[in-house]
$ cat structure_33.txt   # compact mmCIF, C-alpha atoms
# COMPACT_ATOMS: atom_id res chain seq x y z
CA MET Q 974 70.89 173.15 18.83
CA ILE Q 975 67.61 171.27 18.41
CA GLU Q 976 67.97 171.41 14.62
CA ILE Q 977 71.53 170.03 14.81
CA LEU Q 978 70.37 167.18 17.04
CA GLY Q 979 67.54 166.48 14.61
CA LEU Q 980 69.96 166.34 11.67
CA LEU Q 981 72.31 164.10 13.64
CA LYS Q 982 69.47 161.74 14.57
CA GLY Q 983 68.38 161.54 10.93
CA PHE Q 984 71.92 160.75 9.82
CA LEU Q 985 72.37 158.11 12.54
CA ASP Q 986 69.08 156.48 11.53
CA PHE Q 987 70.22 156.35 7.90
CA ALA Q 988 73.63 154.98 8.94
CA ALA Q 989 72.03 152.30 11.14
CA VAL Q 990 69.79 151.02 8.33
CA TYR Q 991 72.40 151.33 5.59
CA CYS Q 992 75.23 149.69 7.54
CA PHE Q 993 72.99 146.92 8.88
CA HIS Q 994 71.96 145.99 5.34
CA LYS Q 995 75.60 146.13 4.32
CA CYS Q 996 76.44 143.66 7.13
CA ILE Q 997 73.68 141.35 5.92
CA ARG Q 998 75.26 141.28 2.46
CA THR Q 999 78.71 140.48 3.88
CA MET Q 1000 77.27 137.68 6.03
CA LEU Q 1001 75.54 136.15 3.01
CA ALA Q 1002 78.83 136.33 1.08
CA GLY Q 1003 80.55 134.67 4.04
CA MET Q 1004 78.04 131.83 4.09
CA GLY Q 1005 78.65 131.27 0.39
CA MET Q 1006 82.41 131.16 0.96
CA LEU Q 1007 81.92 128.75 3.87
CA LEU Q 1008 80.36 126.26 1.45
CA LEU Q 1009 83.50 126.45 -0.68
CA ILE Q 1010 85.70 126.08 2.41
CA CYS Q 1011 83.76 122.95 3.44
CA ILE Q 1012 84.33 121.48 -0.03
CA ILE Q 1013 88.08 122.22 0.17
CA ARG Q 1014 88.32 120.63 3.62
CA LYS Q 1015 86.35 117.60 2.42
CA CYS Q 1016 88.65 117.15 -0.57
CA ASN Q 1017 91.71 117.55 1.64
CA ARG Q 1018 91.82 113.84 2.33
CA ARG Q 1019 95.43 113.97 3.47
CA HIS Q 1020 94.31 116.34 6.23
CA ALA Q 1021 97.12 118.83 5.62
CA ALA Q 1022 96.43 121.48 8.26
CA CYS Q 1023 98.07 124.27 6.25
CA VAL Q 1024 95.55 123.67 3.44
CA ASN Q 1025 92.65 123.99 5.88
CA ILE Q 1026 94.13 127.18 7.35
CA GLY Q 1027 94.63 128.69 3.89
CA ALA Q 1028 91.05 127.82 2.95
CA MET Q 1029 89.74 129.40 6.14
CA ALA Q 1030 91.67 132.60 5.38
CA LEU Q 1031 89.57 132.98 2.21
CA LEU Q 1032 86.68 133.91 4.49
CA LEU Q 1033 88.29 137.21 5.53
CA PRO Q 1034 87.88 139.07 2.18
CA MET Q 1035 84.11 138.55 2.42
CA VAL Q 1036 83.86 141.51 4.81
CA PHE Q 1037 84.48 143.76 1.78
CA MET Q 1038 81.51 142.36 -0.18
CA GLY Q 1039 79.02 144.85 1.23
CA MET Q 1040 78.93 147.02 -1.92
CA ASN Q 1041 79.47 144.30 -4.50
CA LYS Q 1042 77.35 144.60 -7.64
CA LEU Q 1043 76.38 140.92 -7.36
CA PHE Q 1044 73.80 141.81 -4.69
CA PHE Q 1045 72.03 144.34 -6.92
CA LYS Q 1046 71.22 142.08 -9.86
CA GLY Q 1047 68.56 139.54 -10.72
CA TYR Q 1048 66.92 137.31 -8.18
CA ILE Q 1049 69.51 138.08 -5.50
CA TYR Q 1050 68.47 141.73 -5.49
CA TRP Q 1051 64.77 140.77 -5.47
CA TYR Q 1052 65.15 138.46 -2.45
CA LEU Q 1053 67.35 140.90 -0.56
CA ASN Q 1054 64.96 143.75 -1.25
CA SER Q 1055 62.18 141.65 0.26
CA LEU Q 1056 64.36 141.06 3.33
CA TYR Q 1057 65.21 144.77 3.61
CA HIS Q 1058 61.50 145.55 3.66
CA TYR Q 1059 61.27 143.95 7.12
CA THR Q 1060 64.48 145.49 8.48
CA ARG Q 1061 64.10 149.14 7.49
CA ASP Q 1062 63.44 150.23 11.08
CA PRO Q 1063 66.64 151.78 12.51
CA ILE Q 1064 66.09 149.79 15.72
CA PHE Q 1065 67.53 146.67 14.05
CA GLY Q 1066 70.74 148.46 13.18
CA ARG Q 1067 70.98 150.05 16.63
CA ILE Q 1068 70.67 146.66 18.34
CA TYR Q 1069 73.15 145.01 15.98
CA PHE Q 1070 75.83 147.68 16.33
CA GLY Q 1071 75.09 148.10 20.03
CA VAL Q 1072 75.90 144.43 20.66
CA MET Q 1073 78.94 144.76 18.39
CA GLY Q 1074 80.15 147.71 20.46
CA ILE Q 1075 79.70 145.75 23.69
CA LEU Q 1076 81.65 142.77 22.33
CA LEU Q 1077 84.43 145.04 21.07
CA SER Q 1078 84.60 146.76 24.47
CA VAL Q 1079 84.86 143.40 26.24
CA HIS Q 1080 87.65 142.39 23.85
CA ILE Q 1081 89.59 145.61 24.55
CA ILE Q 1082 89.08 145.27 28.32
CA LYS Q 1083 90.36 141.67 28.27
CA SER Q 1084 93.38 142.68 26.20
CA ARG Q 1085 94.27 145.51 28.59
CA HIS Q 1086 93.75 143.23 31.59
CA LEU Q 1087 96.14 140.70 30.07
CA LYS Q 1088 98.76 143.42 29.45
CA ARG Q 1089 98.53 144.56 33.08
CA LYS Q 1090 98.81 140.97 34.20
CA LEU Q 1091 101.95 140.42 32.12
CA ARG Q 1092 103.66 143.51 33.59
CA ASN Q 1093 103.57 141.88 37.02
CA LEU Q 1094 105.08 138.57 35.87
CA PRO Q 1095 108.81 137.76 35.98
CA VAL Q 1096 110.63 137.41 32.65
CA PHE Q 1097 112.24 134.13 31.63
CA GLU Q 1098 115.89 134.72 30.81
CA ASP Q 1099 117.81 131.74 29.46
CA GLU Q 1100 120.25 130.98 26.64
CA ILE Q 1101 117.73 128.46 25.32
CA ARG Q 1102 115.70 131.38 23.93
CA GLU Q 1103 118.44 132.46 21.54
CA GLU Q 1104 119.14 128.84 20.53
CA ILE Q 1105 115.50 128.38 19.51
CA ILE Q 1106 115.39 131.60 17.50
CA GLU Q 1107 118.61 130.72 15.67
CA ARG Q 1108 117.24 127.29 14.79
CA LEU Q 1109 113.87 128.54 13.58
CA THR Q 1110 115.37 131.30 11.41
CA ASP Q 1111 118.43 129.42 10.17
CA CYS Q 1112 117.07 129.01 6.62
CA ASP Q 1113 115.52 132.47 6.27
CA ARG Q 1114 116.76 134.66 3.45
CA THR Q 1115 116.39 137.88 5.44
CA ALA Q 1116 117.04 138.86 9.04
CA LEU Q 1117 113.52 140.26 9.58
CA PRO Q 1118 111.94 137.10 11.11
CA GLY Q 1119 114.84 136.81 13.53
CA ARG Q 1120 114.55 140.45 14.58
CA TYR Q 1121 110.82 140.06 15.12
CA LEU Q 1122 111.21 136.90 17.22
CA ARG Q 1123 113.90 138.55 19.37
CA ARG Q 1124 111.32 141.14 20.40
CA THR Q 1125 109.32 138.36 22.05
CA ARG Q 1126 109.27 138.43 25.83
CA ILE Q 1127 108.76 135.19 27.76
CA TYR Q 1128 106.83 135.53 31.04
CA ILE Q 1129 106.57 133.03 33.90
CA THR Q 1130 103.23 132.59 35.65
CA PRO Q 1131 102.67 130.72 38.93
CA GLU Q 1132 99.41 129.31 37.58
CA LYS Q 1133 99.31 125.78 36.24
CA ILE Q 1134 98.09 126.73 32.79
CA SER Q 1135 98.98 125.74 29.26
CA PRO Q 1136 101.71 127.84 27.62
CA TYR Q 1137 100.31 130.36 25.18
CA SER Q 1138 101.56 133.12 22.89
CA GLY Q 1139 100.06 136.38 21.73
CA GLY Q 1140 100.76 139.97 20.76
CA ILE Q 1141 101.27 141.33 17.24
CA ILE Q 1142 103.35 144.47 17.71
CA HIS Q 1143 104.82 143.27 21.02
CA PRO Q 1144 104.80 139.45 20.87
CA PHE Q 1145 104.93 137.47 24.09
CA ILE Q 1146 104.91 133.91 25.43
CA VAL Q 1147 103.54 132.86 28.82
CA ILE Q 1148 104.80 129.63 30.41
CA PRO Q 1149 103.93 128.09 33.79
CA GLU Q 1150 106.49 128.13 36.61
CA GLU Q 1151 106.19 124.35 36.75
CA LEU Q 1152 107.78 124.16 33.31
CA THR Q 1153 110.92 126.04 34.38
CA LYS Q 1154 111.43 124.02 37.58
CA ASN Q 1155 110.54 120.40 36.85
CA TRP Q 1156 111.06 120.04 33.08
CA ASP Q 1157 114.47 119.55 31.52
CA LYS Q 1158 115.99 121.77 28.80
CA ALA Q 1159 114.91 119.47 25.98
CA GLN Q 1160 111.27 119.60 27.06
CA GLN Q 1161 111.41 123.37 27.56
CA ARG Q 1162 112.89 123.72 24.10
CA VAL Q 1163 109.94 121.85 22.54
CA ILE Q 1164 107.30 123.97 24.29
CA LEU Q 1165 108.99 127.30 23.59
CA SER Q 1166 109.71 126.36 19.97
CA HIS Q 1167 106.06 125.52 19.48
CA GLU Q 1168 104.99 128.97 20.74
CA PHE Q 1169 107.71 130.76 18.74
CA LEU Q 1170 106.44 128.98 15.63
CA HIS Q 1171 102.95 130.39 16.28
CA ILE Q 1172 104.42 133.90 16.32
CA ARG Q 1173 106.71 133.35 13.35
CA SER Q 1174 103.96 131.78 11.20
CA GLY Q 1175 101.57 134.70 11.67
CA HIS Q 1176 99.03 132.63 13.59
CA ILE Q 1177 98.51 135.41 16.15
CA VAL Q 1178 97.59 137.85 13.38
CA LEU Q 1179 95.15 135.34 11.89
CA LEU Q 1180 93.51 134.73 15.27
CA PHE Q 1181 93.17 138.49 15.78
CA LEU Q 1182 91.49 138.92 12.39
CA PHE Q 1183 89.05 136.09 13.15
CA ALA Q 1184 88.32 137.62 16.57
CA MET Q 1185 87.37 140.85 14.79
CA LEU Q 1186 85.32 138.83 12.30
CA ARG Q 1187 83.51 137.15 15.19
CA ILE Q 1188 82.63 140.55 16.64
CA TYR Q 1189 81.54 141.91 13.23
CA TRP Q 1190 79.40 138.84 12.44
CA TRP Q 1191 78.27 138.09 16.00
CA LEU Q 1192 74.80 137.23 14.73
CA ASN Q 1193 76.15 134.39 12.55
CA PRO Q 1194 76.65 131.17 14.59
CA ALA Q 1195 78.90 129.65 11.92
CA VAL Q 1196 81.70 132.15 12.63
CA TYR Q 1197 82.13 130.81 16.19
CA LEU Q 1198 82.56 127.29 14.85
CA CYS Q 1199 85.05 128.58 12.27
CA GLU Q 1200 87.20 130.16 14.96
CA LYS Q 1201 87.19 126.95 17.02
CA VAL Q 1202 88.16 124.83 14.01
CA LEU Q 1203 90.84 127.35 13.03
CA ARG Q 1204 92.46 127.11 16.46
CA GLU Q 1205 92.66 123.34 16.12
CA ASP Q 1206 94.15 123.60 12.64
CA LEU Q 1207 96.75 126.12 13.84
CA GLU Q 1208 97.88 123.77 16.62
CA MET Q 1209 98.14 120.83 14.22
CA ALA Q 1210 100.07 122.90 11.68
CA CYS Q 1211 102.42 124.08 14.42
CA ASP Q 1212 102.98 120.51 15.63
CA GLU Q 1213 103.86 119.43 12.11
CA SER Q 1214 106.15 122.43 11.59
CA TYR Q 1215 108.05 121.72 14.77
CA ILE Q 1216 108.64 118.10 13.84
CA TRP Q 1217 109.82 119.16 10.38
CA VAL Q 1218 112.17 121.87 11.73
CA THR Q 1219 113.71 119.88 14.58
CA GLY Q 1220 113.47 116.30 13.32
CA VAL Q 1221 112.07 115.10 16.67
CA SER Q 1222 110.13 111.82 16.45
CA ARG Q 1223 106.35 111.91 16.39
CA VAL Q 1224 106.19 109.45 19.30
CA GLU Q 1225 108.41 111.63 21.47
CA TYR Q 1226 106.42 114.73 20.63
CA GLY Q 1227 103.15 112.93 21.36
CA ARG Q 1228 104.44 111.89 24.77
CA LEU Q 1229 105.31 115.50 25.51
CA ILE Q 1230 101.73 116.59 24.68
CA LEU Q 1231 100.41 113.86 26.99
CA GLY Q 1232 102.74 114.99 29.77
CA MET Q 1233 101.57 118.56 29.39
CA ILE Q 1234 97.92 117.50 29.52
CA THR Q 1235 98.36 115.49 32.74
CA MET Q 1236 100.19 118.34 34.47
CA LEU Q 1237 98.48 121.55 33.44
CA LYS Q 1238 95.08 123.05 32.77
CA SER Q 1239 94.18 124.89 29.57
CA VAL Q 1240 93.69 128.61 29.04
CA GLN Q 1241 92.27 130.63 26.18
CA GLU Q 1242 93.06 134.33 25.99
CA GLU Q 1243 91.76 136.68 23.30
CA CYS Q 1244 93.86 136.41 20.13
CA ALA Q 1245 96.31 134.00 21.79
CA ALA Q 1246 97.49 130.59 20.59
CA SER Q 1247 97.53 128.05 23.42
CA PHE Q 1248 99.60 124.86 23.45
CA LEU Q 1249 96.51 123.06 24.73
CA ASP Q 1250 93.06 124.18 23.72
CA GLY Q 1251 89.64 122.77 24.46
CA ASN Q 1252 88.90 119.30 25.85
CA TYR Q 1253 92.12 117.58 26.91
CA PHE Q 1254 91.37 114.08 25.65
CA GLU Q 1255 89.81 115.31 22.42
CA VAL Q 1256 92.89 117.48 21.80
CA LEU Q 1257 95.14 114.52 22.51
CA ARG Q 1258 93.26 112.23 20.16
CA ARG Q 1259 93.13 114.69 17.26
CA ARG Q 1260 96.65 116.06 17.47
CA ILE Q 1261 98.45 112.77 17.96
CA GLY Q 1262 96.19 111.15 15.38
CA TYR Q 1263 97.07 113.91 12.94
CA LEU Q 1264 100.80 113.44 13.56
CA ASN Q 1265 100.50 109.70 12.97
CA GLU Q 1266 98.92 110.35 9.56
CA ARG Q 1267 101.80 112.52 8.39
CA LYS Q 1268 104.60 111.09 6.29
CA ALA Q 1269 108.28 111.52 7.00
CA ALA Q 1270 109.62 115.07 6.88
CA GLY Q 1271 111.30 114.94 3.46
CA ASN Q 1272 110.64 118.15 1.58
CA ARG Q 1273 107.57 118.93 3.69
CA GLY Q 1274 108.75 122.48 4.34
CA ASP Q 1275 108.88 123.29 0.62
CA ILE Q 1276 105.39 121.86 0.16
CA ARG Q 1277 104.05 123.97 3.03
CA LYS Q 1278 105.62 127.12 1.58
CA ARG Q 1279 104.04 126.44 -1.80
CA ILE Q 1280 100.63 125.85 -0.21
CA VAL Q 1281 100.88 129.08 1.82
CA SER Q 1282 101.98 131.01 -1.29
CA CYS Q 1283 99.12 129.54 -3.32
CA PHE Q 1284 96.45 130.56 -0.82
CA GLY Q 1285 98.11 133.97 -0.37
CA ILE Q 1286 97.81 134.55 -4.12
CA LEU Q 1287 94.20 133.31 -4.09
CA THR Q 1288 93.30 135.68 -1.24
CA ALA Q 1289 94.95 138.64 -3.01
CA ALA Q 1290 93.20 137.75 -6.28
CA LEU Q 1291 89.87 137.48 -4.46
CA LEU Q 1292 90.37 140.95 -2.97
CA LEU Q 1293 91.11 142.36 -6.43
CA VAL Q 1294 88.00 140.72 -7.91
CA ILE Q 1295 85.87 142.15 -5.09
CA ALA Q 1296 87.38 145.60 -5.61
CA PHE Q 1297 86.72 145.63 -9.35
CA THR Q 1298 83.16 144.26 -9.05
CA SER Q 1299 82.01 146.59 -6.27
CA TYR Q 1300 80.45 150.02 -6.40
CA PRO Q 1301 82.73 152.85 -5.24
CA ARG Q 1302 82.43 153.92 -1.62
CA TYR Q 1303 80.45 156.91 -2.85
CA THR Q 1304 79.63 158.67 -6.12
CA LYS Q 1305 79.06 162.40 -6.38
CA MET Q 1306 76.11 162.63 -8.75
CA LYS Q 1307 76.33 165.03 -11.71
CA GLU Q 1308 72.57 165.00 -12.25
CA ILE Q 1309 70.49 168.00 -11.22
CA SER Q 1310 66.95 167.54 -9.87
CA PHE Q 1311 64.15 170.10 -10.18
CA TYR Q 1312 61.26 170.11 -7.64
CA ASN Q 1313 58.12 172.24 -7.48
CA GLU Q 1314 56.82 173.96 -4.37
CA ASP Q 1315 55.11 170.75 -3.24
CA LEU Q 1316 58.50 168.98 -3.41
CA GLU Q 1317 57.41 166.86 -6.38
CA MET Q 1318 60.20 166.05 -8.85
CA VAL Q 1319 59.59 167.80 -12.16
CA VAL Q 1320 62.83 167.38 -14.11
CA TRP Q 1321 65.78 164.98 -13.71
CA ASP Q 1322 68.77 166.26 -15.63
CA SER Q 1323 66.95 166.77 -18.95
CA ARG Q 1324 68.72 168.46 -21.85
CA GLU Q 1325 66.60 171.60 -21.45
CA PHE Q 1326 67.28 171.78 -17.76
CA GLY Q 1327 70.99 171.25 -18.33
CA ASP Q 1328 71.05 174.30 -20.63
CA SER Q 1329 69.17 176.48 -18.17
CA VAL Q 1330 71.11 175.66 -15.00
CA LYS Q 1331 74.83 175.18 -14.36
CA ILE Q 1332 76.63 174.36 -11.12
CA VAL Q 1333 79.83 176.40 -10.73
CA ASP Q 1334 81.95 175.99 -7.60
CA GLY Q 1335 78.99 174.65 -5.65
CA GLU Q 1336 76.66 177.49 -6.66
CA VAL Q 1337 73.72 177.63 -9.08
CA ARG Q 1338 74.05 179.70 -12.27
CA ILE Q 1339 70.72 180.27 -14.05
CA ASP Q 1340 70.12 181.19 -17.67
CA LYS Q 1341 66.97 183.24 -17.13
CA GLU Q 1342 65.44 182.81 -20.61
CA GLU Q 1343 65.98 179.06 -20.69
CA PHE Q 1344 64.80 178.71 -17.11
CA ARG Q 1345 61.60 180.63 -17.86
CA LYS Q 1346 60.91 178.26 -20.77
CA ILE Q 1347 61.21 175.28 -18.39
CA LEU Q 1348 58.75 176.86 -15.96
CA GLU Q 1349 56.24 177.56 -18.73
CA LYS Q 1350 56.64 174.15 -20.34
CA GLU Q 1351 56.12 172.28 -17.07
CA ASP Q 1352 53.43 174.74 -15.94
CA ILE Q 1353 55.21 175.38 -12.65
CA ARG Q 1354 53.41 177.78 -10.34
CA GLY Q 1355 54.07 178.99 -6.83
CA GLU Q 1356 56.48 181.21 -4.97
CA TYR Q 1357 59.61 179.03 -5.07
CA VAL Q 1358 61.14 176.13 -6.97
CA TYR Q 1359 63.90 173.86 -5.65
CA ILE Q 1360 67.06 172.65 -7.40
CA SER Q 1361 68.93 169.70 -5.90
CA PHE Q 1362 72.57 169.02 -6.85
CA ASP Q 1363 75.83 167.37 -5.63
CA LEU Q 1364 73.90 164.41 -4.27
CA ILE Q 1365 76.07 161.66 -2.75
CA MET Q 1366 75.08 158.17 -3.88
CA LYS Q 1367 76.34 155.17 -1.89
CA VAL Q 1368 74.79 152.20 -3.70
CA PRO Q 1369 71.70 152.10 -5.95
CA GLY Q 1370 68.82 153.45 -3.95
CA ALA Q 1371 70.77 154.79 -0.95
CA GLY Q 1372 72.42 158.14 -0.53
CA GLY Q 1373 71.98 161.69 0.64
CA GLY Q 1374 73.86 164.88 1.33
CA GLY Q 1375 74.32 167.40 -1.43
CA ASN Q 1376 72.72 170.83 -1.54
CA VAL Q 1377 69.37 172.37 -2.42
CA ALA Q 1378 68.85 175.83 -3.88
CA MET Q 1379 65.50 177.55 -3.29
CA VAL Q 1380 64.88 179.91 -6.22
CA ASN Q 1381 62.39 182.77 -6.08
CA MET Q 1382 59.96 182.53 -9.03
CA ASP Q 1383 59.75 186.34 -9.32
CA ASP Q 1384 63.50 186.98 -9.10
CA TYR Q 1385 65.86 184.29 -10.36
CA ASP Q 1386 68.79 186.05 -8.68
CA ASP Q 1387 67.16 185.49 -5.29
CA ILE Q 1388 68.61 182.07 -4.40
CA TRP Q 1389 68.71 180.61 -0.92
CA TYR Q 1390 70.87 177.53 -0.21
CA LEU Q 1391 69.29 175.16 2.26
CA ALA Q 1392 72.34 173.02 3.10
CA ALA Q 1393 73.92 174.43 6.24
CA ASP Q 1394 77.53 175.44 5.73
CA ASP Q 1395 78.59 174.47 9.25
CA TRP Q 1396 80.61 171.77 11.01
CA SER Q 1397 77.64 169.45 11.61
CA ASN Q 1398 76.72 169.28 7.92
CA LYS Q 1399 80.35 168.89 6.86
CA LEU Q 1400 80.82 166.12 9.45
CA ALA Q 1401 77.69 164.30 8.22
CA VAL Q 1402 78.91 164.48 4.62
CA PHE Q 1403 82.37 163.24 5.64
CA LEU Q 1404 80.91 160.31 7.58
CA MET Q 1405 78.62 159.40 4.71
CA LYS Q 1406 81.48 159.48 2.20
CA TYR Q 1407 84.15 157.59 4.09
CA LEU Q 1408 82.93 155.86 7.25
CA ILE Q 1409 79.72 154.04 6.34
$ encode --input "structure_33.txt" --output "structure tokens"
Amino acid sequence: MIEILGLLKGFLDFAAVYCFHKCIRTMLAGMGMLLLICIIRKCNRRHAACVNIGAMALLLPMVFMGMNKLFFKGYIYWYLNSLYHYTRDPIFGRIYFGVMGILLSVHIIKSRHLKRKLRNLPVFEDEIREEIIERLTDCDRTALPGRYLRRTRIYITPEKISPYSGGIIHPFIVIPEELTKNWDKAQQRVILSHEFLHIRSGHIVLLFLFAMLRIYWWLNPAVYLCEKVLREDLEMACDESYIWVTGVSRVEYGRLILGMITMLKSVQEECAASFLDGNYFEVLRRRIGYLNERKAAGNRGDIRKRIVSCFGILTAALLLVIAFTSYPRYTKMKEISFYNEDLEMVVWDSREFGDSVKIVDGEVRIDKEEFRKILEKEDIRGEYVYISFDLIMKVPGAGGGGNVAMVNMDDYDDIWYLAADDWSNKLAVFLMKYLI
């Protein structure tokens, strides 16, 4: 039991260091992408919110840059290697992933608390719901968006809070009771359409992905700012989409936002899109100012679809580039290492060694004459020699696993395999291959 715990501790220490360095590489890639995103937003002089959202989505593929070959070449590798020198202690990885685990637990607890809260709220049942869905999906080529929106449940809360939407598999909308009692059908239609547009446009999914990114990169302050800016862009894009879909005037819509601000308070749930978000007056200034900058509807919907398609293609292309320029998750090494009794490497897959030793079905096969020549040539003395094979390599300079055969110098048929053929060793190999 003590040996198993020792092996597990050694593996966890390796995983902490290896994964922490991998996170550092992804954060550096994210900072590089943020510079490009800032340039795109700066060049977006027309302030089209969908362009800013598409640019921000380019940040998500950076989480897959941890094994990219770019970080193992030239000056980048030299600087990173210097940084790794100061972060080789497993304590850094333990702290980083410990905080990550706490943040993820808080996120899960909040999500479950919200679900329990929704179960106790009454459901809003009105024909206006079906009218909105029909209007928003009228031009769709397939029935899938309509089916998805019809799964949305609308809950009524007694709190005076801003309407918000959430849920990916089970979408929902929460509206205040004040809205159902004192607002007319036209005003209710605007608010509910706005929240349905968040769900239909995939904004909830994007907010969820950025929430996970915030937990993964909790050490990077820029990711918190990105999430805040993204929320603002999503609201502006949804405002513009509603005006384009319904044809309502910008002035009328702006008055509705003002009325909502004077009546309700804001709320921000995890992975939820709120009608109002942040400072009331700042929200009012930015959103109404954005609407005033927009031109008449025209073919705005076609332009938005082209922009979304363009950034979707860019994101997919970026993922492909990252995949083709990254090391595989693991490589099972074909090389065979030869160590003397003092565990000093003597031979690394030389031609002579390759002729004297073969690995067949995970076992060592020795050509005795050839092997004796190797021992004499290298002047190997002692009771045992060690042969290492099936090593698992993650990235250059990091790996482990495999097996080691201890060969008796007096009897080459006397071979003892040091890798334990039990569940703990198999679990460690599996984790190293696929989970880190």
$ closest_residue --input "structure_33.txt" --among "Q:Phe1044, Q:Tyr1226, Q:Trp1321, Q:Tyr1390" --to "Ala1002 in chain Q" --atoms "only C-alpha atoms"
Q:Phe1044
$ closest_residue --input "structure_33.txt" --among "Q:Leu1094, Q:Ile1127, Q:Met1038, Q:Ile1012" --to "Ala1296 in chain Q" --atoms "only C-alpha atoms"
Q:Met1038
$ closest_residue --input "structure_33.txt" --among "Q:Glu1317, Q:Glu1200, Q:Asp1206, Q:Asp1099" --to "Gly1027 in chain Q" --atoms "only C-alpha atoms"
Q:Asp1206
$ residues_around --input "structure_33.txt" --residues "Val1330 in chain Q" --least-positions-apart "4" --cutoff "7 Å" --atoms "all atoms listed in the file" --output "count of residues only"
5
$ closest_residue --input "structure_33.txt" --among "Q:Leu981, Q:Leu1291, Q:Ile1332, Q:Arg1092" --to "Val1402 in chain Q" --atoms "all atoms listed in the file"
Q:Leu981
$ closest_residue --input "structure_33.txt" --among "Q:Lys1399, Q:Val990, Q:Leu1292, Q:Ile1081" --to "His1058 in chain Q" --atoms "all atoms listed in the file"
Q:Val990
$ residues_around --input "structure_33.txt" --residues "Tyr1407 in chain Q" --least-positions-apart "5" --cutoff "12 Å" --atoms "only C-alpha atoms" --output "list in words"
Ala988, Pro1301, Arg1302, Tyr1303, Thr1304, Ile1365, Lys1367, Leu1400, Ala1401 and Val1402 of chain Q
$ closest_residue --input "structure_33.txt" --among "Q:Leu1043, Q:Ile1164, Q:Ile1049, Q:Leu1364" --to "Ile1101 in chain Q" --atoms "only C-alpha atoms"
Q:Ile1164
$ residues_around --input "structure_33.txt" --residues "range 1182-1199 of chain Q" --least-positions-apart "6" --cutoff "7 Å" --atoms "all atoms listed in the file" --output "list in words"
Met1000, Met1073, Leu1076, Leu1077 and Cys1244 of chain Q
$ residues_around --input "structure_33.txt" --residues "range 1165-1179 of chain Q" --least-positions-apart "2" --cutoff "6 Å" --atoms "all atoms listed in the file" --output "ChimeraX atom specification"
/Q:1138-1139,1162-1163,1181-1182
$ atom_distance --input "structure_33.txt" --atom1 "CA of Pro1131 in chain Q" --atom2 "CA of Glu1150 in chain Q"
5.2 Å
$ residues_around --input "structure_33.txt" --residues "Phe1311 in chain Q" --least-positions-apart "4" --cutoff "10 Å" --atoms "all atoms listed in the file" --output "count of residues only"
16
$ atom_distance --input "structure_33.txt" --atom1 "CA of Trp1156 in chain Q" --atom2 "CA of Leu1203 in chain Q"
29.4 Å
$ build_atoms --input "structure_33.txt" --residues "range 1298-1310 of chain Q" --atoms "N, CA and C atoms" --output "tab-separated table (two decimals), in the frame of the given file"
chain	number	residue	atom	x	y	z
Q	1298	THR	N	84.58	144.56	-8.83
Q	1298	THR	CA	83.16	144.26	-9.05
Q	1298	THR	C	82.27	144.92	-8.02
Q	1299	SER	N	82.79	145.89	-7.28
Q	1299	SER	CA	82.01	146.59	-6.27
Q	1299	SER	C	81.77	148.04	-6.70
Q	1300	TYR	N	80.69	148.59	-6.20
Q	1300	TYR	CA	80.45	150.02	-6.40
Q	1300	TYR	C	81.48	150.82	-5.60
Q	1301	PRO	N	81.82	152.03	-6.03
Q	1301	PRO	CA	82.73	152.85	-5.24
Q	1301	PRO	C	82.11	153.19	-3.90
Q	1302	ARG	N	82.94	153.59	-2.95
Q	1302	ARG	CA	82.43	153.92	-1.62
Q	1302	ARG	C	81.34	154.99	-1.70
Q	1303	TYR	N	81.51	155.93	-2.60
Q	1303	TYR	CA	80.45	156.91	-2.85
Q	1303	TYR	C	80.66	157.50	-4.24
Q	1304	THR	N	79.58	158.01	-4.81
Q	1304	THR	CA	79.63	158.67	-6.12
Q	1304	THR	C	78.95	160.03	-5.99
Q	1305	LYS	N	79.65	161.07	-6.39
Q	1305	LYS	CA	79.06	162.40	-6.38
Q	1305	LYS	C	78.29	162.58	-7.68
Q	1306	MET	N	76.97	162.62	-7.58
Q	1306	MET	CA	76.11	162.63	-8.75
Q	1306	MET	C	76.22	163.95	-9.52
Q	1307	LYS	N	76.28	163.84	-10.86
Q	1307	LYS	CA	76.33	165.03	-11.71
Q	1307	LYS	C	74.93	165.52	-12.07
Q	1308	GLU	N	73.94	164.64	-11.88
Q	1308	GLU	CA	72.57	165.00	-12.25
Q	1308	GLU	C	72.03	166.12	-11.36
Q	1309	ILE	N	71.14	166.90	-11.93
Q	1309	ILE	CA	70.49	168.00	-11.22
Q	1309	ILE	C	68.98	167.72	-11.20
Q	1310	SER	N	68.39	167.81	-10.01
Q	1310	SER	CA	66.95	167.54	-9.87
Q	1310	SER	C	66.19	168.86	-9.67
